[in-house]
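In what follows, a single structure is set out as structure tokens and then discussed.
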Amino acid sequence: MNAVILKIEEIRQRKGITKTHIATSCGRSVPWYSDIVKGRRRVYLEDISAIADSLGLEVSFSFSHKVSDTLSSVIVS
């Protein structure tokens, strides 16, 4: 399972929120959310944002670590 989805599932279960609630809040079906959790469906940034909203969470993204790793592997002295 994707690390982000794993964290979302942990929070969902801790808060006692159902998969049905998340799917409904996102305007989607329960199988849509279940497929994301099971890794059968690709999850997009807008999906993560909608799921986070349904859990009452704020989402912040940082790509600086990945970008710097990529740049350092590409730069040749």
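By convention here, the chains of the structure tokens are called A, B, ... in the order presented, each chain's residues are numbered starting at 1, and ligands are numbered starting at 1 in the order presented.
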Might you pull out every residue within 10 Å of Gly39 in chain A, with only C-alpha atoms counted and same-chain residues fewer than 3 positions away left off, and present them as an NGL selection string? :A and (1-2 or 5 or 33-36 or 42-43)
Just want the 8 Å neighbourhood of range 13-30 of chain A, counted on only C-alpha atoms, with same-chain residues fewer than 5 positions away dropped. Output as a short mmCIF file (atom, residue, chain, number, x, y, z; two decimals) with C-alpha atoms, in the first residue's frame.
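So selection06.cif came out as:
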data_model
loop_
_atom_site.label_atom_id
_atom_site.label_comp_id
_atom_site.auth_asym_id
_atom_site.auth_seq_id
_atom_site.Cartn_x
_atom_site.Cartn_y
_atom_site.Cartn_z
CA ASP A 47 -8.01 12.68 -4.94
CA ALA A 50 -10.52 15.52 -1.49
CA ILE A 51 -9.91 12.56 0.82
CA SER A 54 -13.31 14.51 4.10
CA LEU A 55 -11.10 13.61 7.08
#
Residue contacts of Ser60 in chain A (12 Å, only C-alpha atoms) excluding same-chain residues fewer than 4 positions away, as a list in words: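 Residues near the query, excluding close chain neighbours: Val4, Leu45, Ile48, Ser49 and Ala52 of chain A.
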d(CA of Val59 in chain A, CA of Arg12 in chain A) in Å: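 Between CA of Val59 in chain A and CA of Arg12 in chain A the gap works out to 14.6 Å.
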